Amino acid sequence: MKDVLAVLAAGGTVLTANNRLARSVTLAWNRRQRAAGEQVWRTPAVLAWRTFISALHGSSAMGGGQAGRRLLLTDSQSRLLWRRIISTTTNGLLPGAASPMADTAWQAWQLLQDWRIPVATLAAVADSEDTRAFAAWAAQYQQQCAAADWADAPTAAALLLEDLRAGLLDAPVRLHLAGFAERTPLLEAMLHALAGRGCVISEDTAQPRGPLDLSHRRCADADTELDEAAWWARRHREADPLARVGIVVPDLAGRASAVRRRVLDILAPGWRLEPGQPVPVNFSYGQPLADIGLARTALLVLAAVTGRLDYRHAGELLTTRYLPGHAGEASARARIGLALRERVGTGVPLAELIACTSAEAPELSRRLAALATRAGQLPQHQPPGRWASSFRLLLEDMGWPGDAALASDEFQAATAWQDLLDRLRSCDAILGPLDGEGALGVVRELALGQLFQPAGDPDAIQVLGVMEAVGQHFDALWVCGMTSTAWPPPARSQPLLPLRLQREHRLPGSSPALARERAERLLRWLETGARQVVFSSPAFEGDEPLAPSPLIARLAAAGTGVALPQGSRWLDRMPGATRLEVLAEDPPPPVAAGVRLRGGASLLEREARCPARAFVEFRLGARALAVPAPGIDAPTRGRITHHALQVFFSGVDSHELLVSLPADERLRRLGSAVDAALHAILPAQDPLLRRLAANERGRQLELLGRFLELEGQREGFRVLGTELSPPDARLPPALARLQMRLRIDRIDEMPDGRRLVIDYKTGQQLPPAGEWYKRLRAPQLPLYATLTDADGIAFVQLSAGRLGWRGVAASDWGIRGMVCAEDLTGGELTEWGALRAWWHSALERLAGEFLAGCFDVDRWQQQEARGEWAMAIRSYELGELGEDDA
């Protein structure tokens, strides 16, 4: 850093490889001026490469140079132009893939320009469909830029070379390069042209500036490695509060959130309790702006206008704190979000959102109504710049970003969002007029491509990636992840450029040898980046052993690992942060006398399979979070089937009438029943469901038509009723206290006058008949038989590929899949009356267990206590389920 500051003191210019290093150099210069007692000083000439090109471009424009005659495109503008070209040339064959493909193409273009490879050369050696497609896109991109007088940064740099050689630009007197681990041919040409104009050029190198303390430390695994690195950094800062300490994580971009949590748990153990407070660490990798809560809310508001909200996004919009009235309506908005999950379909139109919030969340409903009014006044198509103004007005109508004071990072995110809309204004010439959905797609793409990182304390401990660390100077540096599989990193060639071309020009990642050379070069920069440098590698990843990188084998071992003191982790400190209370044994209480609980047959089934879940679900009121499926999901299909059969058998109430109907009349009646079911169950305002209804109608007609054929093969029967509610008077005492809401799909009267209770099942699996005896785990139909004096019970399976009966009866009615009581019980009970009496006793016993507060977890029915129910039942603590079971 001394060389860099000396250049600045002499009035020279410092050119850095990235913006982060430019900020660090500027900060070091400002500190030096303050230490010298200066009150004011000139801004140092410290420029990152792209900023340097922009400054030269401005000078070219002033001096009439070739580069200055073109408009300099930003990276985001260039990407959008690539996306437009790819979308146009593929004729929509890549829906949804144009944006990621444009990013890959943009990166390939940057390589072509940085290595000064002409498009004609690329076209001549293109050897695959992908490389030929890219060559065509590149030629079109080049032509459109030339026709419109546009230039991206690499193209502008090539034109600036000509301006420098023609004497149209003044070069800086002195230029010092900092942090350039590798020079591209374009950079070399630029330096040569600057030198030709009399510029004195110097640079930082990866040379030691004194004795180095280098070591290698082996850690148990990647998590322990981060813990030790964080504690090591903390010790250095405690010993010297002014020490510059850094932690390098090569794969920081891929696990930024996990690294952040792990490091903060050591360096700022209370960060979870005080989320708005500054922390003593600065992370170099941000999140996409689109993932930041405040900006995400803005995107959801705009998506609501275009009609592109699904239930998840609607739930986020309802619960965000970045809209006015959140504090007073938070609970109501959350309830509305849960209710939206219970509806059919996943799309939530803005009009429906306004209606469902009007009663419980009037402030939000009013804002949404204003949003809809404003949206109705907007043009269908307009340039991106005007859409930027329209989007601002829409967000103002919604009161974004809310009525609460913004923290520092939130304010910075709001500023970044406004800057993004300003960038949208600059896209008019590139994109032309767009509809609202297209404009929102551009905004979303810009937000996804912009990494947001709140400004942190420059004096804090730095956590950064390899390239951000190159050129930085620390007092102590820890480099993680130096395993043989991670360093050198695997060679990754550019997929849109011919491999032969890449290797001929020695492009990065085009061969393992080049990847190793680059890794060795970067390693030298890291080794000379601090007086003390620790390289570490985890010994295991799970059960797989890991070897250290061969590039650090020459380093001395650092000995035993860093000892983490007691209480250094967040989990260790939690018990000491409050007073622990020892709870007395508190078994679940029985249901108080006189209290009646609501529940259907599912209550008894839960009790039979897992009493703990029955308690949590029916006494505490817990519910699984509904997850609507796009289109028509399985439960909705089941409701359609049930409703259609109810309508059909209300009109065709006997076997005699069924078999007497001509085929066309039977089909007509069945079609009318299916139409009635679709109309009753599918919301008419959902365009997707309307399109799917015709397909579902055909599926239901085919399935139910086959079922009616099977019904016609039975002996005579008469339908006594459908969707029936049995009388409560027949319930025994314990069952009567449960206030069960029961609906029997159908009851038939058989030829011998006996009754058969039928329940339709539209799933792929039926409960085994064995669950009707011994341990009664499928109590639904036995309960119906008890309440109706039925002489038989049966499930009818109605699903694609599976159609049939499973039941038990007092008599042989010739129905395949039905057995008698003796067969069901293995000869233990030979009479139907005895089986029904056993069911009566078993049902009463289940009801009694539930009323008594039973909270057992049945280890043989572990599926009932898995997933989110495992969290509610706390089955891990009960020792009933292993981690693999839940």
# chains A, B, ... in the order shown; residues from 1 in each chain; ligands from 1

$ residues_around --residues "stretch 795-808 of chain A" --least-positions-apart "6" --cutoff "9 Å" --atoms "only C-alpha atoms" --output "PyMOL selection string"
chain A and resi 638+641+699+703-704+706-707+710+757-769+781+815-821+823-824

$ residues_around --residues "stretch 62-75 of chain A" --least-positions-apart "3" --cutoff "8 Å" --atoms "only C-alpha atoms" --output "list of chain:residue names"
A:Ser54, A:His57, A:Gly58, A:Ser59, A:Ser78, A:Arg79, A:Asp149, A:Trp150, A:Ala151, A:Asp152, A:Ala153, A:Ala156, A:Ala157, A:Leu159, A:Leu160, A:Glu162, A:Asp163, A:Leu168, A:Leu169

$ write_last_selection --atoms "all heavy atoms" --output "compact mmCIF listing (two decimals), in the first residue's frame"
# COMPACT_ATOMS: atom_id res chain seq x y z
N SER A 54 -14.65 4.61 -18.58
CA SER A 54 -15.71 5.62 -18.67
C SER A 54 -15.13 7.02 -18.68
O SER A 54 -15.58 7.90 -19.42
CB SER A 54 -16.70 5.44 -17.51
OG SER A 54 -17.72 6.40 -17.57
N HIS A 57 -13.57 7.67 -21.99
CA HIS A 57 -14.65 7.85 -22.97
C HIS A 57 -15.19 9.28 -22.91
O HIS A 57 -15.48 9.89 -23.95
CB HIS A 57 -15.77 6.84 -22.71
CG HIS A 57 -16.93 6.98 -23.63
ND1 HIS A 57 -18.03 7.76 -23.34
CD2 HIS A 57 -17.18 6.43 -24.85
CE1 HIS A 57 -18.89 7.70 -24.33
NE2 HIS A 57 -18.41 6.89 -25.27
N GLY A 58 -15.33 9.81 -21.70
CA GLY A 58 -15.77 11.19 -21.57
C GLY A 58 -14.78 12.16 -22.21
O GLY A 58 -15.18 13.12 -22.88
N SER A 59 -13.50 11.90 -22.00
CA SER A 59 -12.48 12.76 -22.63
C SER A 59 -12.53 12.63 -24.14
O SER A 59 -12.34 13.62 -24.88
CB SER A 59 -11.09 12.37 -22.12
OG SER A 59 -11.00 12.55 -20.72
N SER A 78 -26.17 -3.54 -21.83
CA SER A 78 -25.60 -4.53 -22.74
C SER A 78 -26.28 -5.88 -22.59
O SER A 78 -26.60 -6.55 -23.59
CB SER A 78 -24.09 -4.66 -22.46
OG SER A 78 -23.50 -5.64 -23.28
N ARG A 79 -26.54 -6.30 -21.36
CA ARG A 79 -27.21 -7.59 -21.14
C ARG A 79 -28.61 -7.58 -21.75
O ARG A 79 -29.07 -8.58 -22.32
CB ARG A 79 -27.28 -7.88 -19.64
CG ARG A 79 -26.00 -8.42 -19.03
CD ARG A 79 -26.27 -8.82 -17.59
NE ARG A 79 -25.21 -9.61 -17.03
CZ ARG A 79 -24.21 -9.12 -16.29
NH1 ARG A 79 -24.15 -7.80 -16.06
NH2 ARG A 79 -23.28 -9.91 -15.80
N ASP A 149 -24.70 3.53 -32.93
CA ASP A 149 -23.61 4.27 -32.28
C ASP A 149 -23.57 3.99 -30.78
O ASP A 149 -23.52 4.89 -29.95
CB ASP A 149 -23.73 5.79 -32.52
CG ASP A 149 -23.18 6.18 -33.89
OD1 ASP A 149 -22.31 5.46 -34.41
OD2 ASP A 149 -23.64 7.20 -34.43
N TRP A 150 -23.61 2.68 -30.44
CA TRP A 150 -23.46 2.24 -29.07
C TRP A 150 -22.12 1.53 -28.93
O TRP A 150 -21.59 0.99 -29.89
CB TRP A 150 -24.57 1.25 -28.66
CG TRP A 150 -25.95 1.80 -28.70
CD1 TRP A 150 -26.33 3.09 -28.54
CD2 TRP A 150 -27.16 1.05 -28.94
NE1 TRP A 150 -27.69 3.21 -28.64
CE2 TRP A 150 -28.23 1.97 -28.88
CE3 TRP A 150 -27.44 -0.29 -29.17
CZ2 TRP A 150 -29.56 1.59 -29.06
CZ3 TRP A 150 -28.76 -0.68 -29.35
CH2 TRP A 150 -29.80 0.25 -29.29
N ALA A 151 -21.63 1.50 -27.69
CA ALA A 151 -20.41 0.74 -27.40
C ALA A 151 -20.44 0.31 -25.95
O ALA A 151 -20.70 1.13 -25.05
CB ALA A 151 -19.16 1.58 -27.67
N ASP A 152 -20.22 -1.00 -25.71
CA ASP A 152 -20.05 -1.43 -24.33
C ASP A 152 -18.62 -1.14 -23.90
O ASP A 152 -17.81 -0.65 -24.70
CB ASP A 152 -20.42 -2.92 -24.18
CG ASP A 152 -19.65 -3.81 -25.14
OD1 ASP A 152 -18.57 -3.39 -25.60
OD2 ASP A 152 -20.13 -4.92 -25.42
N ALA A 153 -18.30 -1.43 -22.65
CA ALA A 153 -16.98 -1.04 -22.12
C ALA A 153 -15.82 -1.65 -22.90
O ALA A 153 -14.88 -0.94 -23.27
CB ALA A 153 -16.90 -1.39 -20.63
N ALA A 156 -15.63 0.05 -26.28
CA ALA A 156 -15.15 1.42 -26.11
C ALA A 156 -13.65 1.44 -25.85
O ALA A 156 -12.93 2.32 -26.36
CB ALA A 156 -15.90 2.08 -24.96
N ALA A 157 -13.16 0.46 -25.07
CA ALA A 157 -11.71 0.41 -24.80
C ALA A 157 -10.92 0.21 -26.09
O ALA A 157 -9.87 0.83 -26.30
CB ALA A 157 -11.41 -0.70 -23.80
N LEU A 159 -11.83 1.17 -29.10
CA LEU A 159 -11.88 2.43 -29.83
C LEU A 159 -10.98 3.49 -29.19
O LEU A 159 -10.39 4.33 -29.89
CB LEU A 159 -13.32 2.94 -29.91
CG LEU A 159 -14.29 2.07 -30.72
CD1 LEU A 159 -15.72 2.57 -30.56
CD2 LEU A 159 -13.89 2.06 -32.20
N LEU A 160 -10.88 3.44 -27.86
CA LEU A 160 -10.02 4.40 -27.17
C LEU A 160 -8.55 4.19 -27.53
O LEU A 160 -7.75 5.14 -27.51
CB LEU A 160 -10.22 4.27 -25.65
CG LEU A 160 -11.56 4.82 -25.11
CD1 LEU A 160 -11.76 4.37 -23.67
CD2 LEU A 160 -11.61 6.35 -25.22
N GLU A 162 -7.45 3.56 -30.47
CA GLU A 162 -7.24 4.34 -31.69
C GLU A 162 -7.16 5.84 -31.37
O GLU A 162 -6.35 6.57 -31.97
CB GLU A 162 -8.37 4.05 -32.68
CG GLU A 162 -8.51 2.60 -33.08
CD GLU A 162 -7.23 2.05 -33.68
OE1 GLU A 162 -6.55 2.79 -34.44
OE2 GLU A 162 -6.89 0.89 -33.38
N ASP A 163 -7.99 6.29 -30.44
CA ASP A 163 -7.95 7.71 -30.07
C ASP A 163 -6.62 8.08 -29.43
O ASP A 163 -6.06 9.16 -29.69
CB ASP A 163 -9.10 8.03 -29.11
CG ASP A 163 -10.47 7.97 -29.79
OD1 ASP A 163 -10.50 7.98 -31.03
OD2 ASP A 163 -11.48 7.90 -29.07
N LEU A 168 -5.65 12.02 -29.77
CA LEU A 168 -6.87 12.73 -29.41
C LEU A 168 -7.14 12.71 -27.91
O LEU A 168 -8.07 13.37 -27.45
CB LEU A 168 -8.07 12.11 -30.15
CG LEU A 168 -8.00 12.16 -31.68
CD1 LEU A 168 -9.18 11.44 -32.30
CD2 LEU A 168 -7.95 13.62 -32.15
N LEU A 169 -6.38 11.94 -27.15
CA LEU A 169 -6.58 11.84 -25.71
C LEU A 169 -5.27 12.13 -24.99
O LEU A 169 -4.20 11.75 -25.45
CB LEU A 169 -7.05 10.42 -25.32
CG LEU A 169 -8.44 9.99 -25.79
CD1 LEU A 169 -8.70 8.56 -25.35
CD2 LEU A 169 -9.51 10.91 -25.22

$ closest_atom_pairs --of "stretch 425-487 of chain A" --to "stretch 387-409 of chain A" --cutoff "7 Å" --atoms "only C-alpha atoms" --output "CSV"
residue,atom,partner,partner_atom,distance
A:Arg425,CA,A:Ala388,CA,6.3
A:Ala439,CA,A:Trp387,CA,6.8
A:Pro454,CA,A:Asp409,CA,5.4

$ write_last_selection --atoms "C-alpha atoms" --output "PDB file, in the first residue's frame"
ATOM      1  CA  ARG A 425     -35.087   5.059 -18.021  1.00  0.00           C
ATOM      2  CA  ALA A 439     -41.469  -3.777 -18.279  1.00  0.00           C
ATOM      3  CA  PRO A 454     -25.169  -2.293   2.695  1.00  0.00           C
TER       4      PRO A 454
END

$ closest_residue --among "A:Phe855, A:Trp41, A:Phe649, A:Trp137" --to "A:Thr26" --atoms "only C-alpha atoms"
A:Trp41

$ atom_distance --atom1 "atom CA of A:Arg296" --atom2 "atom CA of A:Ala355"
23.3 Å

$ residues_around --residues "stretch 531-543 of chain A" --least-positions-apart "2" --cutoff "9 Å" --atoms "only C-alpha atoms" --output "ChimeraX atom specification"
/A:208-225,229,473-484,526-529,545-549,552,555,558

$ closest_residue --among "A:Thr830, A:Ser660, A:Gln646, A:Thr184" --to "A:Thr722" --atoms "only C-alpha atoms"
A:Gln646
